[in-house]
$ cat model.txt   # compact mmCIF, C-alpha atoms and all ligand atoms
# COMPACT_ATOMS: atom_id res chain seq x y z
CA MET Q 18 150.92 53.42 198.41
CA ILE Q 19 150.28 50.56 200.82
CA CYS Q 20 148.09 50.82 203.90
CA LEU Q 21 148.22 48.50 206.89
CA ALA Q 22 144.88 48.46 208.69
CA ILE Q 23 143.45 47.09 211.89
CA GLU Q 24 139.81 46.32 212.72
CA SER Q 25 138.71 45.43 216.26
CA THR Q 26 135.37 47.18 216.86
CA ALA Q 27 133.44 44.09 218.03
CA HIS Q 28 133.84 40.32 217.67
CA THR Q 29 136.49 40.25 214.95
CA PHE Q 30 140.15 41.16 215.07
CA SER Q 31 141.45 41.66 211.56
CA VAL Q 32 144.59 42.97 209.87
CA ALA Q 33 144.85 43.85 206.18
CA LEU Q 34 147.24 45.25 203.61
CA VAL Q 35 145.66 47.14 200.71
CA ASN Q 36 147.23 49.29 198.00
CA ASP Q 37 145.90 52.54 196.57
CA LYS Q 38 144.44 50.79 193.53
CA GLY Q 39 142.03 49.11 195.96
CA LYS Q 40 143.84 45.77 195.61
CA ILE Q 41 143.70 43.64 198.75
CA LEU Q 42 147.21 42.21 199.21
CA SER Q 43 146.24 40.20 202.26
CA GLU Q 44 143.53 40.16 204.86
CA ILE Q 45 143.57 37.99 207.97
CA ARG Q 46 140.90 37.75 210.63
CA ASP Q 47 139.95 35.83 213.71
CA MET Q 48 136.54 36.00 215.28
CA TYR Q 49 135.63 35.70 218.94
CA THR Q 50 132.78 33.26 219.37
CA SER Q 51 130.96 31.89 222.37
CA LYS Q 52 128.68 28.91 222.35
CA GLU Q 53 126.01 29.89 224.81
CA THR Q 54 125.97 33.66 225.01
CA GLY Q 55 126.33 36.71 222.82
CA ILE Q 56 129.42 38.86 222.79
CA ILE Q 57 130.99 39.66 226.18
CA PRO Q 58 133.08 42.79 225.52
CA LEU Q 59 135.92 42.05 227.95
CA GLU Q 60 136.19 38.45 226.77
CA ALA Q 61 136.27 39.59 223.15
CA ALA Q 62 139.01 42.11 224.02
CA THR Q 63 141.07 39.35 225.67
CA HIS Q 64 140.65 37.27 222.53
CA HIS Q 65 141.84 40.22 220.43
CA ARG Q 66 144.94 40.77 222.61
CA ASN Q 67 145.81 37.08 222.39
CA VAL Q 68 145.62 36.87 218.59
CA ARG Q 69 146.70 40.30 217.34
CA ASP Q 70 150.50 39.82 217.07
CA GLU Q 71 150.16 36.51 215.30
CA LEU Q 72 147.57 37.91 212.86
CA LEU Q 73 149.81 40.86 212.08
CA LYS Q 74 152.72 38.55 211.28
CA LYS Q 75 150.53 36.28 209.13
CA CYS Q 76 149.21 39.26 207.19
CA PHE Q 77 152.71 40.44 206.26
CA ASP Q 78 153.84 36.88 205.46
CA GLU Q 79 150.91 36.34 203.13
CA ALA Q 80 151.51 39.59 201.23
CA LYS Q 81 155.28 38.87 201.22
CA ILE Q 82 156.13 42.38 202.36
CA ASN Q 83 157.24 43.92 205.63
CA ILE Q 84 156.50 46.99 207.68
CA LYS Q 85 159.17 48.98 205.80
CA ASP Q 86 156.96 48.80 202.69
CA ILE Q 87 154.03 50.47 204.45
CA ASP Q 88 153.11 54.12 203.82
CA ILE Q 89 150.21 54.63 206.21
CA ILE Q 90 148.40 52.83 209.00
CA ALA Q 91 144.62 52.92 209.40
CA VAL Q 92 142.59 51.88 212.41
CA ALA Q 93 138.87 51.56 213.07
CA ALA Q 94 138.34 54.11 215.86
CA GLY Q 95 134.60 53.50 216.25
CA PRO Q 96 131.76 52.98 216.62
CA GLY Q 97 132.20 49.86 218.68
CA LEU Q 98 132.77 48.30 222.07
CA PRO Q 99 135.35 50.32 224.02
CA PRO Q 100 137.44 47.36 225.32
CA CYS Q 101 137.62 45.92 221.80
CA LEU Q 102 138.38 49.25 220.14
CA LEU Q 103 141.31 49.76 222.52
CA THR Q 104 143.02 46.53 221.45
CA GLY Q 105 143.23 47.78 217.86
CA MET Q 106 144.11 51.35 218.77
CA GLU Q 107 146.98 50.22 221.04
CA LEU Q 108 148.56 48.14 218.27
CA ALA Q 109 148.00 50.84 215.62
CA LYS Q 110 149.57 53.56 217.74
CA LYS Q 111 152.53 51.34 218.67
CA LEU Q 112 153.23 50.56 215.00
CA ALA Q 113 152.69 54.17 213.88
CA HIS Q 114 155.05 55.42 216.60
CA GLU Q 115 157.79 52.84 216.01
CA ASN Q 116 157.74 53.28 212.25
CA LYS Q 117 156.95 57.03 212.13
CA LEU Q 118 153.91 56.51 209.91
CA PRO Q 119 150.73 58.61 209.65
CA LEU Q 120 147.83 57.04 211.53
CA ILE Q 121 144.42 57.41 209.89
CA PHE Q 122 141.39 56.94 212.17
CA VAL Q 123 138.50 55.45 210.24
CA ASN Q 124 134.80 55.22 211.01
CA HIS Q 125 133.92 51.52 210.84
CA LEU Q 126 130.50 52.17 209.30
CA ILE Q 127 131.82 54.46 206.56
CA ALA Q 128 134.37 51.72 205.81
CA HIS Q 129 131.51 49.22 205.33
CA LEU Q 130 129.93 51.69 202.86
CA GLU Q 131 133.11 52.43 200.90
CA ILE Q 132 134.29 48.82 200.48
CA GLY Q 133 130.74 48.02 199.43
CA LYS Q 134 130.83 50.59 196.65
CA LEU Q 135 134.29 49.44 195.57
CA LEU Q 136 133.36 45.77 195.32
CA THR Q 137 129.95 46.23 193.67
CA HIS Q 138 130.92 49.13 191.38
CA THR Q 139 127.93 51.11 192.59
CA LYS Q 140 128.07 54.90 192.30
CA ASP Q 141 125.57 56.44 194.65
CA PRO Q 142 123.40 53.83 196.34
CA VAL Q 143 121.03 53.84 199.25
CA PHE Q 144 122.90 51.66 201.73
CA ILE Q 145 121.15 49.14 203.94
CA LEU Q 146 123.62 48.62 206.74
CA ALA Q 147 122.54 45.48 208.55
CA THR Q 148 125.22 44.41 211.00
CA GLY Q 149 125.24 42.94 214.48
CA ALA Q 150 125.14 46.19 216.39
CA ASN Q 151 123.80 48.55 213.72
CA THR Q 152 120.85 48.88 211.41
CA GLN Q 153 120.73 52.03 209.34
CA ILE Q 154 119.50 53.18 205.95
CA ILE Q 155 122.12 55.63 204.69
CA ALA Q 156 122.67 57.74 201.58
CA PHE Q 157 125.14 60.41 200.49
CA GLU Q 158 123.38 63.78 200.38
CA SER Q 159 124.78 67.35 200.39
CA GLY Q 160 128.35 66.39 201.20
CA LYS Q 161 127.72 63.84 203.95
CA TYR Q 162 126.64 60.31 204.50
CA ARG Q 163 123.27 60.75 206.19
CA VAL Q 164 121.11 58.33 208.11
CA PHE Q 165 117.56 58.27 206.73
CA GLY Q 166 116.22 55.58 209.01
CA GLU Q 167 117.59 53.41 211.77
CA THR Q 168 116.79 51.05 214.57
CA LEU Q 169 115.40 52.63 217.70
CA ASP Q 170 116.74 49.81 219.88
CA THR Q 171 118.96 46.85 219.01
CA GLY Q 172 120.73 46.12 215.70
CA ILE Q 173 119.05 43.52 213.50
CA GLY Q 174 121.97 41.07 213.81
CA ASN Q 175 121.96 41.35 217.60
CA ALA Q 176 118.19 40.83 217.63
CA LEU Q 177 118.65 37.62 215.63
CA ASP Q 178 121.51 36.57 217.91
CA LYS Q 179 119.42 37.24 221.03
CA PHE Q 180 116.66 35.09 219.64
CA GLY Q 181 119.28 32.44 218.86
CA ARG Q 182 120.48 32.59 222.45
CA ALA Q 183 116.94 32.15 223.72
CA ILE Q 184 116.47 29.00 221.64
CA ASN Q 185 120.03 27.68 222.17
CA LEU Q 186 121.51 28.20 218.71
CA GLY Q 187 124.85 29.66 219.89
CA PHE Q 188 126.54 32.74 218.49
CA PRO Q 189 126.34 34.00 215.79
CA ALA Q 190 122.81 32.76 215.26
CA GLY Q 191 121.99 34.45 211.91
CA PRO Q 192 123.08 31.57 209.63
CA LYS Q 193 121.34 28.97 211.81
CA ILE Q 194 118.12 31.00 211.85
CA GLU Q 195 118.30 31.21 208.05
CA GLU Q 196 118.54 27.40 207.83
CA LEU Q 197 115.70 26.74 210.28
CA ALA Q 198 113.51 29.35 208.55
CA LYS Q 199 113.47 27.24 205.38
CA LYS Q 200 111.19 24.75 207.14
CA GLY Q 201 108.92 27.26 208.88
CA LYS Q 202 105.56 28.90 208.27
CA TYR Q 203 104.26 32.32 209.25
CA VAL Q 204 103.04 33.35 212.70
CA ASP Q 205 102.21 36.97 213.54
CA LEU Q 206 104.89 38.74 215.59
CA GLY Q 207 103.72 42.32 214.99
CA TYR Q 208 105.44 44.85 212.74
CA VAL Q 209 107.11 48.05 213.98
CA VAL Q 210 108.09 50.86 211.59
CA LYS Q 211 107.84 54.36 213.05
CA GLY Q 212 108.27 57.00 210.37
CA MET Q 213 111.58 55.93 208.82
CA ASP Q 214 112.82 54.16 211.94
CA LEU Q 215 112.60 50.53 212.97
CA SER Q 216 112.17 48.74 216.26
CA PHE Q 217 113.23 45.10 216.64
CA SER Q 218 113.08 44.38 220.35
CA GLY Q 219 109.31 44.14 220.92
CA ILE Q 220 109.04 41.62 218.08
CA LEU Q 221 111.97 39.72 219.59
CA THR Q 222 110.25 39.57 222.98
CA LYS Q 223 107.09 38.27 221.33
CA ALA Q 224 109.03 35.57 219.45
CA ILE Q 225 110.78 34.42 222.63
CA ASP Q 226 107.45 34.38 224.44
CA LEU Q 227 105.84 32.26 221.70
CA PHE Q 228 108.79 29.85 221.85
CA LYS Q 229 108.16 29.36 225.57
CA ARG Q 230 104.53 28.64 224.73
CA GLY Q 231 105.55 25.86 222.36
CA VAL Q 232 105.58 27.47 218.89
CA SER Q 233 108.28 25.69 216.83
CA LYS Q 234 111.77 27.06 216.28
CA GLU Q 235 111.29 26.75 212.53
CA ASP Q 236 108.08 28.82 212.46
CA LEU Q 237 109.59 31.48 214.69
CA CYS Q 238 112.82 31.71 212.67
CA TYR Q 239 110.80 32.03 209.46
CA SER Q 240 108.46 34.66 210.92
CA LEU Q 241 111.24 36.66 212.53
CA GLN Q 242 113.06 36.84 209.19
CA GLU Q 243 109.93 37.69 207.20
CA THR Q 244 108.98 40.44 209.67
CA TYR Q 245 112.39 42.04 210.17
CA PHE Q 246 113.33 41.90 206.49
CA SER Q 247 109.97 43.32 205.35
CA MET Q 248 110.47 46.24 207.72
CA LEU Q 249 113.96 46.88 206.33
CA THR Q 250 112.74 46.62 202.75
CA GLU Q 251 109.87 49.05 203.39
CA VAL Q 252 112.12 51.72 204.85
CA THR Q 253 114.71 51.21 202.11
CA GLU Q 254 112.08 51.68 199.42
CA ARG Q 255 110.89 54.91 200.99
CA ALA Q 256 114.45 56.23 201.30
CA MET Q 257 115.09 55.44 197.63
CA ALA Q 258 111.94 57.29 196.60
CA HIS Q 259 112.75 60.24 198.84
CA VAL Q 260 116.32 60.84 197.62
CA ASN Q 261 115.60 59.50 194.14
CA LYS Q 262 118.39 56.94 193.96
CA LYS Q 263 118.41 53.95 191.65
CA GLU Q 264 120.76 51.61 193.50
CA ALA Q 265 120.34 49.78 196.80
CA LEU Q 266 123.39 48.24 198.43
CA LEU Q 267 123.09 45.73 201.24
CA ILE Q 268 125.99 45.72 203.67
CA GLY Q 269 126.99 44.09 206.96
CA GLY Q 270 127.02 40.56 208.30
CA VAL Q 271 123.27 40.13 207.81
CA ALA Q 272 123.84 40.71 204.05
CA ALA Q 273 124.79 37.03 203.97
CA ASN Q 274 121.08 36.20 204.24
CA LYS Q 275 119.58 34.97 200.95
CA ARG Q 276 115.99 35.78 201.92
CA LEU Q 277 116.83 39.41 202.67
CA ILE Q 278 118.65 39.68 199.34
CA GLU Q 279 115.61 38.21 197.60
CA MET Q 280 113.20 40.70 199.18
CA LEU Q 281 115.38 43.67 198.23
CA ASN Q 282 115.74 42.31 194.69
CA ILE Q 283 111.97 42.14 194.26
CA MET Q 284 111.44 45.64 195.65
CA CYS Q 285 114.13 47.16 193.41
CA LYS Q 286 112.88 45.37 190.33
CA GLU Q 287 109.41 46.81 190.92
CA ARG Q 288 110.78 50.35 191.02
CA LYS Q 289 113.20 49.83 188.10
CA ALA Q 290 116.19 50.17 190.37
CA LYS Q 291 119.08 47.78 190.94
CA SER Q 292 120.04 45.99 194.11
CA PHE Q 293 123.51 44.88 195.07
CA TYR Q 294 125.04 43.10 197.99
CA VAL Q 295 128.58 42.91 199.20
CA PRO Q 296 130.24 39.55 198.49
CA LEU Q 297 130.07 37.30 201.53
CA LYS Q 298 133.78 37.50 202.28
CA TYR Q 299 133.66 41.27 202.72
CA SER Q 300 130.12 41.80 204.03
CA GLY Q 301 131.17 41.24 207.64
CA ASP Q 302 133.81 43.00 209.69
CA GLN Q 303 137.36 42.93 208.32
CA ALA Q 304 140.31 45.27 208.03
CA ALA Q 305 140.42 45.48 204.22
CA MET Q 306 137.57 48.00 204.36
CA ILE Q 307 139.44 50.04 206.98
CA ALA Q 308 142.58 50.06 204.81
CA TYR Q 309 140.73 51.12 201.67
CA THR Q 310 138.85 53.91 203.47
CA GLY Q 311 142.06 54.98 205.21
CA ILE Q 312 143.67 55.44 201.79
CA LEU Q 313 140.70 57.51 200.53
CA GLN Q 314 140.90 59.71 203.62
CA TYR Q 315 144.66 60.13 203.49
CA LYS Q 316 144.88 60.90 199.76
CA SER Q 317 142.21 63.58 200.03
CA ASN Q 318 143.59 65.21 203.19
CA LYS Q 319 147.35 64.49 203.38
CA LYS Q 320 148.44 67.64 205.13
CA TYR Q 321 146.02 67.06 208.01
CA TYR Q 322 147.09 63.47 208.62
CA ASN Q 323 150.82 64.20 208.19
CA ASN Q 324 150.60 66.79 210.97
CA LEU Q 325 148.32 64.83 213.26
CA LYS Q 326 149.81 63.84 216.65
CA LEU Q 327 149.17 60.32 217.94
CA ASN Q 328 148.03 61.77 221.27
CA ASP Q 329 145.19 63.55 219.47
CA ILE Q 330 143.77 60.27 218.16
CA ASP Q 331 141.44 58.25 220.33
CA ILE Q 332 138.72 55.64 220.13
CA ASN Q 333 135.21 56.99 219.49
CA PRO Q 334 132.70 54.33 220.65
CA ASN Q 335 129.54 56.23 219.56
CA TRP Q 336 130.84 57.81 216.36
CA ARG Q 337 128.01 58.46 213.87
CA VAL Q 338 128.38 58.60 210.08
CA GLU Q 339 127.02 62.16 209.87
CA GLN Q 340 129.93 63.31 212.04
CA VAL Q 341 132.54 62.19 209.51
CA ASN Q 342 134.03 64.82 207.25
CA ILE Q 343 133.85 63.30 203.76
CA THR Q 344 136.89 64.76 201.97
CA TRP Q 345 137.10 62.23 199.13
CA LEU Q 346 133.71 62.49 197.39
P1 LIG O 401 128.71 42.17 211.48
O1 LIG O 401 128.39 42.87 212.76
O2 LIG O 401 128.56 43.03 210.27
O3 LIG O 401 130.01 41.43 211.49
O4 LIG O 401 127.61 41.02 211.30
C1 LIG O 401 127.44 40.03 212.27
C2 LIG O 401 125.96 39.68 212.35
O5 LIG O 401 125.52 39.07 211.11
C3 LIG O 401 125.65 38.69 213.44
O6 LIG O 401 124.64 39.24 214.24
C4 LIG O 401 125.16 37.45 212.70
O7 LIG O 401 124.17 36.72 213.38
C5 LIG O 401 124.61 38.05 211.42
N1 LIG O 401 124.56 37.09 210.32
C6 LIG O 401 125.57 36.38 209.77
N2 LIG O 401 125.13 35.54 208.81
C7 LIG O 401 123.77 35.73 208.74
C8 LIG O 401 122.73 35.16 207.95
N3 LIG O 401 122.97 34.22 207.04
N4 LIG O 401 121.48 35.60 208.17
C9 LIG O 401 121.21 36.56 209.09
N5 LIG O 401 122.15 37.12 209.85
C10 LIG O 401 123.42 36.72 209.69
MG MG O 402 130.51 45.85 211.18
$ encode --input "model.txt" --output "structure tokens"
Amino acid sequence: MICLAIESTAHTFSVALVNDKGKILSEIRDMYTSKETGIIPLEAATHHRNVRDELLKKCFDEAKINIKDIDIIAVAAGPGLPPCLLTGMELAKKLAHENKLPLIFVNHLIAHLEIGKLLTHTKDPVFILATGANTQIIAFESGKYRVFGETLDTGIGNALDKFGRAINLGFPAGPKIEELAKKGKYVDLGYVVKGMDLSFSGILTKAIDLFKRGVSKEDLCYSLQETYFSMLTEVTERAMAHVNKKEALLIGGVAANKRLIEMLNIMCKERKAKSFYVPLKYSGDQAAMIAYTGILQYKSNKKYYNNLKLNDIDINPNWRVEQVNITWL
């Protein structure tokens, strides 16, 4: 079985072809970037509309197959930015209609979790989902993926990007902050963990304020990382203790950060657990994860998807992981 999948929830438009052994036949992506600002949803959607046909063609060319070889189509239906989500949904529905193929609507966050497990061979981890828009500590409990802790305001990636914007680093700022942090020393920015939840925006405001008062970029990048990543590590440790799990799996674009990986490694080692992170290539947004999750969903619930009408499928911008019916675990 081969699945064609489309991802367009935020800055990246991506198309992938994956088979039911979990083999990625091809995966093509193009990311909207802007030098001065963060993501502007309508601009990102225009980018996606401009690149999507070409990416689709490239994806088939690279895998040396064509649409006739496809069994199902999967699309990331949410959560995400509505204008961006629509660009993927339009293409997915058009292809499903023209080729009379089942369309599987996939939760983007669950797809991050499932590709993470596939690529790291983890069985039942506590997930640290650290993306641009989302920050959640998630684990599978009593038949569902459940959120044990999460940000009360912005996602950790967006918080880093907003700081980057304030100090003129461009978007995305995460990698540049990581570089600058190597030369910094610690200044106090506060620390906000409430129960199992996290808050990033007050600390961000304080960092921007200190920048305006002349504290160096390097010191602020270092301190922002140390503070945010300590908060994430603390909540992760408590979630692991609470649900008694022995694996931690770091997922999302922020998983590229070596300092965050290091902190989680130390914490896990101390509690005789193991930490994993998704390889760089698949830690960010891409359609391979949508394809793989689409296959899991379809195989475990064929009758439902074979009878589903395209008109009954829509984007779901605020879709939470607890709302997804997990039929494959
Ligand atoms: P995602 O939403 O999962 O695609 O992740 C995108 C986010 O990851 C953006 O906010 C980036 O700034 C952030 N990011 C990428 N690389 C790094 C890094 N090395 N350190 C921290 N954040 C990063
Ligand atoms: Mg993502």
$ residues_near_ligand --input "model.txt" --ligand "ligand LIG 401 (chain O)" --cutoff "8 Å" --atoms "all atoms listed in the file" --output "ChimeraX atom specification"
/Q:27-29,147-151,173-178,188-195,268-275,300-302
$ atom_distance --input "model.txt" --atom1 "CA of Val164 (chain Q)" --atom2 "CA of Lys134 (chain Q)"
16.9 Å
$ axis_aligned_box --input "model.txt" --around "region 291-295 of chain Q" --padding-each-side "5 Å" --output "lines of an AutoDock Vina configuration file"
center_x = 123.8
center_y = 45.3
center_z = 195.1
size_x = 19.5
size_y = 14.9
size_z = 18.3
$ residues_around --input "model.txt" --residues "Tyr203 (chain Q)" --least-positions-apart "5" --cutoff "9 Å" --atoms "only C-alpha atoms" --output "PyMOL selection string"
chain Q and resi 236-237+239-241+243
$ closest_residue --input "model.txt" --among "Q:Leu34, Q:Leu215, Q:Arg66, Q:Lys319" --to "Lys81 (chain Q)" --atoms "all atoms listed in the file"
Q:Leu34
$ residues_near_point --input "model.txt" --point "(118.5, 52.1, 208.7)" --cutoff "9 Å" --atoms "all atoms listed in the file" --output "NGL selection string"
:Q and (144-147 or 151-155 or 164-168 or 213-215 or 249 or 252-253)
$ atom_distance --input "model.txt" --atom1 "CA of Trp336 (chain Q)" --atom2 "CA of Gly95 (chain Q)"
5.7 Å
$ atom_distance --input "model.txt" --atom1 "CA of Gly172 (chain Q)" --atom2 "CA of Leu346 (chain Q)"
27.8 Å
$ closest_residue --input "model.txt" --among "Q:Arg182, Q:Arg255, Q:Arg163, Q:His125" --to "Gln303 (chain Q)" --atoms "all atoms listed in the file"
Q:His125
$ closest_residue --input "model.txt" --among "Q:Leu277, Q:Val260, Q:Leu130, Q:Leu169" --to "ligand MG 402 (chain O)" --atoms "only C-alpha atoms and all ligand atoms"
Q:Leu130
$ residues_around --input "model.txt" --residues "Ile312 (chain Q)" --least-positions-apart "6" --cutoff "8 Å" --atoms "only C-alpha atoms" --output "list in words"
Cys20, Asp37 and Ile89 of chain Q
$ write_last_selection --input "model.txt" --atoms "C-alpha atoms" --output "mmCIF file, in the coordinates of the input"
data_model
loop_
_atom_site.group_PDB
_atom_site.id
_atom_site.type_symbol
_atom_site.label_atom_id
_atom_site.label_comp_id
_atom_site.auth_asym_id
_atom_site.auth_seq_id
_atom_site.Cartn_x
_atom_site.Cartn_y
_atom_site.Cartn_z
ATOM 1 C CA CYS Q 20 148.090 50.820 203.900
ATOM 2 C CA ASP Q 37 145.900 52.540 196.570
ATOM 3 C CA ILE Q 89 150.210 54.630 206.210
#
$ residues_around --input "model.txt" --residues "Thr244 (chain Q)" --least-positions-apart "4" --cutoff "9 Å" --atoms "only C-alpha atoms" --output "list in words"
Asp205, Leu206, Gly207, Tyr208, Val209, Ile220, Tyr239, Ser240, Met248 and Leu249 of chain Q
$ write_last_selection --input "model.txt" --atoms "C-alpha atoms" --output "PDB file, in the coordinates of the input"
ATOM      1  CA  ASP Q 205     102.210  36.970 213.540  1.00  0.00           C
ATOM      2  CA  LEU Q 206     104.890  38.740 215.590  1.00  0.00           C
ATOM      3  CA  GLY Q 207     103.720  42.320 214.990  1.00  0.00           C
ATOM      4  CA  TYR Q 208     105.440  44.850 212.740  1.00  0.00           C
ATOM      5  CA  VAL Q 209     107.110  48.050 213.980  1.00  0.00           C
ATOM      6  CA  ILE Q 220     109.040  41.620 218.080  1.00  0.00           C
ATOM      7  CA  TYR Q 239     110.800  32.030 209.460  1.00  0.00           C
ATOM      8  CA  SER Q 240     108.460  34.660 210.920  1.00  0.00           C
ATOM      9  CA  MET Q 248     110.470  46.240 207.720  1.00  0.00           C
ATOM     10  CA  LEU Q 249     113.960  46.880 206.330  1.00  0.00           C
TER      11      LEU Q 249
END
$ closest_residue --input "model.txt" --among "Q:Glu44, Q:Gly97, Q:Ile56, Q:His114" --to "Phe77 (chain Q)" --atoms "all atoms listed in the file"
Q:Glu44
$ residues_around --input "model.txt" --residues "Asp78 (chain Q)" --least-positions-apart "3" --cutoff "12 Å" --atoms "only C-alpha atoms" --output "JSON, numbers by chain"
{"Q": [32, 33, 34, 42, 43, 44, 45, 71, 72, 73, 74, 75, 81, 82, 83, 84]}
$ closest_residue --input "model.txt" --among "Q:Ala128, Q:Ala62, Q:Met280, Q:Val341" --to "ligand MG 402 (chain O)" --atoms "all atoms listed in the file"
Q:Ala128
$ closest_residue --input "model.txt" --among "Q:Gly219, Q:Tyr294, Q:Ala109, Q:Val68" --to "Ile121 (chain Q)" --atoms "all atoms listed in the file"
Q:Ala109
$ build_atoms --input "model.txt" --residues "region 19-26 of chain Q" --atoms "all heavy atoms" --output "short mmCIF file (atom, residue, chain, number, x, y, z; two decimals), in the coordinates of the input"
data_model
loop_
_atom_site.label_atom_id
_atom_site.label_comp_id
_atom_site.auth_asym_id
_atom_site.auth_seq_id
_atom_site.Cartn_x
_atom_site.Cartn_y
_atom_site.Cartn_z
N ILE Q 19 150.85 51.73 200.15
CA ILE Q 19 150.28 50.56 200.82
C ILE Q 19 149.84 50.95 202.23
O ILE Q 19 150.55 51.66 202.94
CB ILE Q 19 151.28 49.39 200.89
CG1 ILE Q 19 151.68 48.95 199.49
CG2 ILE Q 19 150.68 48.21 201.66
CD1 ILE Q 19 152.69 47.82 199.45
N CYS Q 20 148.64 50.52 202.58
CA CYS Q 20 148.09 50.82 203.90
C CYS Q 20 147.96 49.53 204.70
O CYS Q 20 147.44 48.53 204.20
CB CYS Q 20 146.71 51.48 203.74
SG CYS Q 20 145.88 51.82 205.30
N LEU Q 21 148.45 49.59 205.93
CA LEU Q 21 148.22 48.50 206.89
C LEU Q 21 147.04 48.92 207.75
O LEU Q 21 147.02 50.04 208.26
CB LEU Q 21 149.46 48.31 207.77
CG LEU Q 21 149.25 47.47 209.04
CD1 LEU Q 21 149.02 46.01 208.69
CD2 LEU Q 21 150.44 47.61 209.98
N ALA Q 22 146.05 48.05 207.90
CA ALA Q 22 144.88 48.46 208.69
C ALA Q 22 144.49 47.42 209.72
O ALA Q 22 144.75 46.22 209.57
CB ALA Q 22 143.70 48.73 207.77
N ILE Q 23 143.87 47.93 210.78
CA ILE Q 23 143.45 47.09 211.89
C ILE Q 23 141.98 47.35 212.20
O ILE Q 23 141.53 48.50 212.28
CB ILE Q 23 144.29 47.40 213.14
CG1 ILE Q 23 145.77 47.08 212.85
CG2 ILE Q 23 143.82 46.59 214.35
CD1 ILE Q 23 146.72 47.74 213.79
N GLU Q 24 141.24 46.26 212.36
CA GLU Q 24 139.81 46.32 212.72
C GLU Q 24 139.61 45.53 214.01
O GLU Q 24 140.03 44.37 214.09
CB GLU Q 24 138.98 45.72 211.57
CG GLU Q 24 137.63 45.15 211.95
CD GLU Q 24 136.64 46.20 212.43
OE1 GLU Q 24 136.63 47.32 211.90
OE2 GLU Q 24 135.87 45.87 213.37
N SER Q 25 138.94 46.16 214.99
CA SER Q 25 138.71 45.43 216.26
C SER Q 25 137.48 45.98 216.99
O SER Q 25 137.42 45.96 218.20
CB SER Q 25 139.93 45.57 217.17
OG SER Q 25 140.02 46.89 217.68
N THR Q 26 136.48 46.48 216.21
CA THR Q 26 135.37 47.18 216.86
C THR Q 26 134.46 46.27 217.68
O THR Q 26 133.83 46.72 218.63
CB THR Q 26 134.50 47.90 215.81
OG1 THR Q 26 134.05 46.94 214.87
CG2 THR Q 26 135.26 49.00 215.11
#
